[in-house]
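Take a look at the structure below.
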Amino acid sequence: QVQLVESGGGLVQAGGSLRLSCAASGRTSSDYAMGWFRQAPGKEREFVATISASGRTTYYADSVKGRFTMSRGNAKNTVYLQMNSLKPEDTADYYCTGLRAYSREYATKSSNEYPYWGQGTHVTVSS
């Protein structure tokens, strides 16, 4: 089992920055691919970013590409989502996810492949 705990959400003005963190604990969490998803009020959950266990493979949603950066901490059991140039449409609950993949280079945009989910952290971007 892997437990995921997000932090770093809050209120920020448009154009500002936030860094979300996700701390993973449990069995060999450093071998897990990790992802971020978000869900805005009244909207479906959507993919934001993912990173492989090695840290060498990342994918981003088109809506955040060039503004958001996902990375792994030195201890490998923490992942970050650096969010710059935030827009009001980035307002959502952000969820950290994890999966133990067959390859340390594997990463996926599909929410169905992630068995582990955090409780979420809320981000509000004011205009």
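Residues are named by chain letter and number: chains run A, B, ... in the order of the structure tokens, numbers start at 1 in each chain, and ligands are numbered from 1 in the order shown.
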A:Pro41: which residues within 9 Å, counting only C-alpha atoms, same-chain residues fewer than 4 positions away excluded, as a ChimeraX atom specification? /A:91-93
Neighbour list for A:Ala14 as a list in words, cut-off 7 Å, only C-alpha atoms, skip fewer than 5 positions in-chain: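 Near neighbours after the sequence-gap exclusion: Ser85, Leu86, Lys87, Pro88, Val125, Ser126 and Ser127 of chain A.
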Write out as a ChimeraX atom specification which residues come within 12 Å of A:Phe68 when counting only C-alpha atoms, dropping same-chain ones fewer than 5 positions away. /A:16-20,36,48-50,58-63,80-87,90
DSSP on the backbone: which residues in stretch 55-116 of chain A end up as strand (DSSP E)? Give the answer as a ChimeraX atom specification. /A:58-60,68-72,78-83,92-99,116
Could you tell me how far atom CA of A:Gly118 sits from atom CA of A:Glu89, in Å to one decimal place?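 One can read the atom CA of A:Glu89 to atom CA of A:Gly118 distance as 21.8 Å.
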Near A:Ser110, counting only C-alpha atoms, which residues have an atom at most 10 Å away, once you skip same-chain residues fewer than 5 positions from it, shown as a VMD selection string? chain A and resid 35 37 46 to 47 50
Just write the chosen residues, all heavy atoms, as a PDB file, in the first residue's frame.
```
ATOM      1  N   GLY A  35       1.252  10.944 -10.619  1.00  0.00           N
ATOM      2  CA  GLY A  35       0.510  11.858 -11.480  1.00  0.00           C
ATOM      3  C   GLY A  35      -0.222  12.918 -10.674  1.00  0.00           C
ATOM      4  O   GLY A  35      -0.359  12.804  -9.454  1.00  0.00           O
ATOM      5  N   PHE A  37      -3.923  15.066 -11.055  1.00  0.00           N
ATOM      6  CA  PHE A  37      -5.201  15.294 -11.721  1.00  0.00           C
ATOM      7  C   PHE A  37      -5.907  16.424 -10.990  1.00  0.00           C
ATOM      8  O   PHE A  37      -5.555  16.750  -9.853  1.00  0.00           O
ATOM      9  CB  PHE A  37      -6.063  14.022 -11.693  1.00  0.00           C
ATOM     10  CG  PHE A  37      -5.530  12.927 -12.573  1.00  0.00           C
ATOM     11  CD1 PHE A  37      -4.463  12.141 -12.176  1.00  0.00           C
ATOM     12  CD2 PHE A  37      -6.096  12.690 -13.822  1.00  0.00           C
ATOM     13  CE1 PHE A  37      -3.949  11.144 -12.997  1.00  0.00           C
ATOM     14  CE2 PHE A  37      -5.603  11.689 -14.649  1.00  0.00           C
ATOM     15  CZ  PHE A  37      -4.523  10.927 -14.229  1.00  0.00           C
ATOM     16  N   GLU A  46      -9.750  15.866 -14.648  1.00  0.00           N
ATOM     17  CA  GLU A  46      -8.893  15.868 -15.828  1.00  0.00           C
ATOM     18  C   GLU A  46      -7.432  15.681 -15.445  1.00  0.00           C
ATOM     19  O   GLU A  46      -6.994  16.044 -14.346  1.00  0.00           O
ATOM     20  CB  GLU A  46      -9.058  17.184 -16.606  1.00  0.00           C
ATOM     21  CG  GLU A  46      -8.610  18.421 -15.872  1.00  0.00           C
ATOM     22  CD  GLU A  46      -8.679  19.675 -16.749  1.00  0.00           C
ATOM     23  OE1 GLU A  46      -9.001  19.582 -17.936  1.00  0.00           O
ATOM     24  OE2 GLU A  46      -8.383  20.756 -16.204  1.00  0.00           O
ATOM     25  N   PHE A  47      -6.706  15.113 -16.381  1.00  0.00           N
ATOM     26  CA  PHE A  47      -5.276  14.890 -16.224  1.00  0.00           C
ATOM     27  C   PHE A  47      -4.537  16.219 -16.251  1.00  0.00           C
ATOM     28  O   PHE A  47      -4.884  17.123 -17.023  1.00  0.00           O
ATOM     29  CB  PHE A  47      -4.785  13.997 -17.363  1.00  0.00           C
ATOM     30  CG  PHE A  47      -3.291  13.975 -17.541  1.00  0.00           C
ATOM     31  CD1 PHE A  47      -2.499  13.256 -16.669  1.00  0.00           C
ATOM     32  CD2 PHE A  47      -2.698  14.687 -18.569  1.00  0.00           C
ATOM     33  CE1 PHE A  47      -1.122  13.231 -16.839  1.00  0.00           C
ATOM     34  CE2 PHE A  47      -1.332  14.670 -18.744  1.00  0.00           C
ATOM     35  CZ  PHE A  47      -0.540  13.946 -17.879  1.00  0.00           C
ATOM     36  N   THR A  50       2.173  13.908 -15.309  1.00  0.00           N
ATOM     37  CA  THR A  50       2.638  12.637 -14.788  1.00  0.00           C
ATOM     38  C   THR A  50       4.146  12.538 -14.946  1.00  0.00           C
ATOM     39  O   THR A  50       4.732  13.186 -15.821  1.00  0.00           O
ATOM     40  CB  THR A  50       1.949  11.461 -15.513  1.00  0.00           C
ATOM     41  OG1 THR A  50       2.417  10.221 -14.964  1.00  0.00           O
ATOM     42  CG2 THR A  50       2.264  11.476 -16.997  1.00  0.00           C
TER      43      THR A  50
END
```
If I take atom CA of A:Arg56 and atom CA of A:Val79, how far is one from the other in Å, to one decimal? 13.1 Å
Shell of 10 Å around A:Gly73, only C-alpha atoms, local chain residues under 3 positions omitted, as an mmCIF file with N, CA, C and O atoms, in the first residue's frame:
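The resulting selection_30.cif:
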```cif
data_model
loop_
_atom_site.group_PDB
_atom_site.id
_atom_site.type_symbol
_atom_site.label_atom_id
_atom_site.label_comp_id
_atom_site.auth_asym_id
_atom_site.auth_seq_id
_atom_site.Cartn_x
_atom_site.Cartn_y
_atom_site.Cartn_z
ATOM 1 N N SER A 21 2.942 19.864 -3.309
ATOM 2 C CA SER A 21 3.792 18.737 -2.933
ATOM 3 C C SER A 21 2.933 17.518 -2.674
ATOM 4 O O SER A 21 1.785 17.635 -2.243
ATOM 5 N N CYS A 22 3.505 16.362 -2.924
ATOM 6 C CA CYS A 22 2.836 15.096 -2.631
ATOM 7 C C CYS A 22 3.853 14.183 -1.979
ATOM 8 O O CYS A 22 4.842 13.799 -2.616
ATOM 9 N N ALA A 23 3.603 13.852 -0.722
ATOM 10 C CA ALA A 23 4.489 12.964 0.017
ATOM 11 C C ALA A 23 3.911 11.562 -0.010
ATOM 12 O O ALA A 23 2.761 11.357 0.367
ATOM 13 N N SER A 30 9.249 4.967 -3.995
ATOM 14 C CA SER A 30 10.153 5.569 -4.968
ATOM 15 C C SER A 30 10.113 4.834 -6.303
ATOM 16 O O SER A 30 10.635 5.336 -7.289
ATOM 17 N N GLY A 55 11.909 9.538 -13.206
ATOM 18 C CA GLY A 55 11.909 10.991 -13.347
ATOM 19 C C GLY A 55 12.245 11.473 -14.741
ATOM 20 O O GLY A 55 12.191 12.662 -15.019
ATOM 21 N N LYS A 76 13.019 10.937 -3.710
ATOM 22 C CA LYS A 76 12.167 10.163 -4.622
ATOM 23 C C LYS A 76 10.801 9.808 -4.061
ATOM 24 O O LYS A 76 9.981 9.264 -4.785
ATOM 25 N N ASN A 77 10.549 10.058 -2.768
ATOM 26 C CA ASN A 77 9.223 9.745 -2.257
ATOM 27 C C ASN A 77 8.332 10.968 -2.201
ATOM 28 O O ASN A 77 7.272 10.933 -1.589
ATOM 29 N N THR A 78 8.791 12.067 -2.793
ATOM 30 C CA THR A 78 8.011 13.286 -2.871
ATOM 31 C C THR A 78 8.028 13.779 -4.308
ATOM 32 O O THR A 78 9.064 13.747 -4.963
ATOM 33 N N VAL A 79 6.867 14.192 -4.771
ATOM 34 C CA VAL A 79 6.782 14.807 -6.090
ATOM 35 C C VAL A 79 6.208 16.207 -5.929
ATOM 36 O O VAL A 79 5.499 16.492 -4.954
ATOM 37 N N TYR A 80 6.533 17.042 -6.891
ATOM 38 C CA TYR A 80 6.116 18.433 -6.833
ATOM 39 C C TYR A 80 5.417 18.811 -8.140
ATOM 40 O O TYR A 80 5.687 18.244 -9.195
#
```
9 Å contact set for A:Ala101, only C-alpha atoms, chain neighbours under 6 positions out, as a short mmCIF file (atom, residue, chain, number, x, y, z; two decimals) with N, CA, C and O atoms, in the first residue's frame:
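Wrote selection_38.cif, looks like this:
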```
data_model
loop_
_atom_site.label_atom_id
_atom_site.label_comp_id
_atom_site.auth_asym_id
_atom_site.auth_seq_id
_atom_site.Cartn_x
_atom_site.Cartn_y
_atom_site.Cartn_z
N ASP A 31 9.51 3.65 -6.37
CA ASP A 31 9.41 2.90 -7.62
C ASP A 31 8.10 3.17 -8.35
O ASP A 31 7.79 2.47 -9.32
N TYR A 32 7.36 4.13 -7.92
CA TYR A 32 6.04 4.38 -8.47
C TYR A 32 6.04 5.55 -9.44
O TYR A 32 6.66 6.59 -9.20
N ALA A 33 5.32 5.39 -10.54
CA ALA A 33 4.99 6.53 -11.38
C ALA A 33 3.93 7.35 -10.63
O ALA A 33 3.10 6.80 -9.91
N SER A 52 7.47 9.53 -14.51
CA SER A 52 7.83 8.14 -14.30
C SER A 52 8.63 7.97 -13.00
O SER A 52 9.10 8.96 -12.42
N ALA A 53 8.82 6.74 -12.59
CA ALA A 53 9.59 6.46 -11.38
C ALA A 53 11.02 6.99 -11.51
O ALA A 53 11.60 7.47 -10.54
N ALA A 107 4.95 6.18 -17.65
CA ALA A 107 4.08 7.20 -17.07
C ALA A 107 2.80 7.21 -17.91
O ALA A 107 2.84 6.92 -19.10
#
```
Picked from chain A by DSSP as helix (DSSP H, G or I), as a ChimeraX atom specification: /A:29-31,88-90,111-113
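Minimum atom-to-atom distances from A:Gly26, A:Gly10, A:Gly15, A:Gly120 to A:Arg100 were compared using only C-alpha atoms, and the lowest value belongs to A:Gly26.
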Please tabulate, as CSV, the residues of stretch 71-124 of chain A that come within 8 Å of stretch 4-8 of chain A, each with its closest pair of atoms and the distance in Å to one decimal, counting only C-alpha atoms and ordering rows by chain, then residue number upward.
```
residue,atom,partner,partner_atom,distance
A:Tyr95,CA,A:Glu6,CA,7.2
A:Cys96,CA,A:Glu6,CA,6.6
A:Thr97,CA,A:Leu4,CA,7.3
A:Gly98,CA,A:Leu4,CA,8.0
A:Tyr116,CA,A:Leu4,CA,7.4
A:Trp117,CA,A:Leu4,CA,6.4
A:Gly118,CA,A:Leu4,CA,4.7
A:Gln119,CA,A:Val5,CA,6.8
A:Gly120,CA,A:Glu6,CA,6.0
A:Thr121,CA,A:Glu6,CA,6.0
```
Any chance you can output those residues with N, CA, C and O atoms as an mmCIF file, in the first residue's frame?
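Here's the written file result.cif:
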```
data_model
loop_
_atom_site.group_PDB
_atom_site.id
_atom_site.type_symbol
_atom_site.label_atom_id
_atom_site.label_comp_id
_atom_site.auth_asym_id
_atom_site.auth_seq_id
_atom_site.Cartn_x
_atom_site.Cartn_y
_atom_site.Cartn_z
ATOM 1 N N TYR A 95 -5.309 16.444 -7.172
ATOM 2 C CA TYR A 95 -5.096 15.139 -6.562
ATOM 3 C C TYR A 95 -3.798 14.517 -7.060
ATOM 4 O O TYR A 95 -3.506 14.519 -8.258
ATOM 5 N N CYS A 96 -3.049 13.962 -6.112
ATOM 6 C CA CYS A 96 -1.838 13.226 -6.421
ATOM 7 C C CYS A 96 -2.193 11.756 -6.572
ATOM 8 O O CYS A 96 -3.029 11.228 -5.830
ATOM 9 N N THR A 97 -1.557 11.095 -7.530
ATOM 10 C CA THR A 97 -1.842 9.690 -7.782
ATOM 11 C C THR A 97 -0.544 8.900 -7.938
ATOM 12 O O THR A 97 0.503 9.466 -8.249
ATOM 13 N N GLY A 98 -0.650 7.572 -7.726
ATOM 14 C CA GLY A 98 0.533 6.732 -7.862
ATOM 15 C C GLY A 98 0.198 5.353 -8.377
ATOM 16 O O GLY A 98 -0.908 4.849 -8.149
ATOM 17 N N TYR A 116 -3.738 4.424 -6.490
ATOM 18 C CA TYR A 116 -3.538 5.199 -5.265
ATOM 19 C C TYR A 116 -3.797 6.675 -5.521
ATOM 20 O O TYR A 116 -3.261 7.256 -6.470
ATOM 21 N N TRP A 117 -4.599 7.250 -4.619
ATOM 22 C CA TRP A 117 -5.004 8.650 -4.737
ATOM 23 C C TRP A 117 -4.892 9.327 -3.371
ATOM 24 O O TRP A 117 -5.214 8.742 -2.352
ATOM 25 N N GLY A 118 -4.457 10.588 -3.392
ATOM 26 C CA GLY A 118 -4.480 11.388 -2.186
ATOM 27 C C GLY A 118 -5.845 12.002 -1.963
ATOM 28 O O GLY A 118 -6.770 11.804 -2.759
ATOM 29 N N GLN A 119 -5.970 12.760 -0.876
ATOM 30 C CA GLN A 119 -7.238 13.383 -0.525
ATOM 31 C C GLN A 119 -7.476 14.684 -1.278
ATOM 32 O O GLN A 119 -8.606 15.173 -1.307
ATOM 33 N N GLY A 120 -6.437 15.241 -1.840
ATOM 34 C CA GLY A 120 -6.590 16.457 -2.637
ATOM 35 C C GLY A 120 -6.210 17.714 -1.878
ATOM 36 O O GLY A 120 -6.256 17.761 -0.650
ATOM 37 N N THR A 121 -5.831 18.713 -2.633
ATOM 38 C CA THR A 121 -5.553 20.040 -2.085
ATOM 39 C C THR A 121 -6.179 21.062 -3.019
ATOM 40 O O THR A 121 -6.136 20.911 -4.237
#
```
Just to confirm, what's the straight-line distance from atom CA of A:Ile51 to atom CA of A:Arg104 in Å (one decimal)?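 Separating atom CA of A:Ile51 from atom CA of A:Arg104 is a distance of 9.8 Å.
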Counting only C-alpha atoms, which residue out of A:Glu113, A:Tyr102, A:Thr69, A:Tyr94 sits closest to A:Gly9?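 Going through A:Glu113, A:Tyr102, A:Thr69, A:Tyr94 one by one, the smallest distance to A:Gly9 is for A:Tyr94.
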